[in-house]
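Colleague: First the structure, which I've put down as structure tokens, then a few questions once you've had a look.
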Amino acid sequence: MTAAVDALVARMTELLEPLQRAADPARHFLGTYLRTTRAVGAALDAGLFEDPGWVSDWDVDFAELYLDALEAHRHDQAAVPGPWRLAFGADPALPPEAHVLLGMNAHINLDLPQSLLRVIPPRDFADAGVLARRRRDHERIDGVLAARVAAEDVALERAGGRRTRVDRVLAPVNRRASRLLLRESRRKVWANTSALHAARVESAEACARRLAELERAATDRVQDLLRPGPVLIRLAVHGFGVTLGSAPTGPG
């Protein structure tokens, strides 16, 4: 792993230990994220990415948006973005996989487009070759995450996840569905990143408006997942990701 990813793993480990001691439900997503970060580090070592330096920078920047929200939640919940307030405030009695789903949804829908915008400057958006490399490396992350699905399913079951006999029979189907949802959400993330970039080029105020719109959409999505009823059906109908609408015209 790069030094930056090593430092990220160390920060995650330090934050995870007190959560585990307190049996805080936030430990489920952070534990999953820590294992995934190690997998990304291994993929960097294996030469999976076209631009490993950029992927390392992006991996750290992306994770820090979540970690900063996690730490802020302890001190000033009102300062935490809406999707994370809902995810961190979810019923502790929910099964581990539900807490992981909420964390993933908030992180991918809200944080990922912002992080990509931060690590892809306007000059890279203007260079078709560079932008294509960035997008391919973005898509390669899907492979790393997909390779973790089965192992994370086992880890969550050991952590207390609820598994009936039917759940175990359907596990391969659910794992395939998870991979499809990840791909669907990442396509939307790329579209949202492009929309944020267009707003950034327009003005700082336009970008701020679009970021606020993204936060509202991501908050609504987490709220929808928290409603009683069959979550998988709602995911099948609405998808995992959110989509920014067309940019408003005229004075805003």
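Following the order of the structure tokens, first chain is A, next is B, and so on, with residues numbered from 1 inside each chain and ligands from 1 in the order they appear.
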Find the spatial neighbours of Phe62 of chain A, counting only C-alpha atoms, within a cut-off of 7 Å - ignore same-chain residues fewer than 2 positions away - and output them as a PyMOL selection string.
Modeller: chain A and resi 58-60+64-65+111-112+115
Colleague: Write out, as CSV, each residue of segment 66-141 of chain A that has an atom at most 8 Å from segment 181-188 of chain A, together with the closest pair of atoms and their distance in Å to one decimal, counting only C-alpha atoms, rows going by chain and rising number.
Modeller:
```
residue,atom,partner,partner_atom,distance
A:Ile108,CA,A:Ser185,CA,7.6
A:Asn109,CA,A:Ser185,CA,7.6
A:Glu139,CA,A:Arg186,CA,7.6
```
Colleague: Could you save those same residues with N, CA and C atoms as a PDB file, in the first residue's frame?
Modeller:
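out-v5.pdb written:
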```pdb
ATOM      1  N   ILE A 108     -21.635   6.663  -0.925  1.00  0.00           N
ATOM      2  CA  ILE A 108     -21.548   6.630  -2.386  1.00  0.00           C
ATOM      3  C   ILE A 108     -22.332   7.785  -3.004  1.00  0.00           C
ATOM      4  N   ASN A 109     -23.553   8.008  -2.530  1.00  0.00           N
ATOM      5  CA  ASN A 109     -24.390   9.016  -3.177  1.00  0.00           C
ATOM      6  C   ASN A 109     -23.964  10.450  -2.870  1.00  0.00           C
ATOM      7  N   GLU A 139     -14.144   2.766 -12.560  1.00  0.00           N
ATOM      8  CA  GLU A 139     -14.904   1.537 -12.780  1.00  0.00           C
ATOM      9  C   GLU A 139     -14.178   0.302 -12.239  1.00  0.00           C
TER      10      GLU A 139
END
```
Colleague: Where does DSSP see helix (DSSP H, G or I) in segment 30-155 of chain A, if you list the residues as number ranges by chain?
Modeller: A: 30-45, 52-73, 77-79, 82-88, 96-119, 122-125, 128-155
Colleague: Restrict the calculation to only C-alpha atoms, then for each residue of segment 19-54 of chain A with any atom at most 12 Å from an atom of segment 145-149 of chain A give the closest atom pair and their distance in Å to one decimal, rows by chain and rising residue number, as a Markdown table.
Modeller:
```
| residue | atom | partner | partner_atom | distance |
| --- | --- | --- | --- | --- |
| A:Thr32 | CA | A:Arg148 | CA | 9.3 |
| A:Tyr33 | CA | A:Leu145 | CA | 10.1 |
| A:Leu34 | CA | A:Arg148 | CA | 11.7 |
| A:Arg35 | CA | A:Arg148 | CA | 8.6 |
| A:Thr36 | CA | A:Leu145 | CA | 7.0 |
| A:Thr37 | CA | A:Leu145 | CA | 9.7 |
| A:Arg38 | CA | A:Arg148 | CA | 10.8 |
| A:Ala39 | CA | A:Arg148 | CA | 8.1 |
| A:Val40 | CA | A:Leu145 | CA | 8.6 |
| A:Ala43 | CA | A:Leu145 | CA | 10.8 |
```
Colleague: Could you tell me how far atom CA of Asn105 of chain A sits from atom CA of Glu215 of chain A, in Å to one decimal place?
Modeller: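 So the two atoms, atom CA of Glu215 of chain A and atom CA of Asn105 of chain A, lie 11.9 Å apart.
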Colleague: Which of these residues is nearest to Cys207 of chain A, using only C-alpha atoms: A:His138, A:Asp220, A:Asn192, A:Pro81?
Modeller: A:Asn192
Colleague: Using only C-alpha atoms, can you tell me which of A:Leu196, A:Ala46, A:Ala217, A:Ala7 comes closest to Leu117 of chain A?
Modeller: A:Leu196
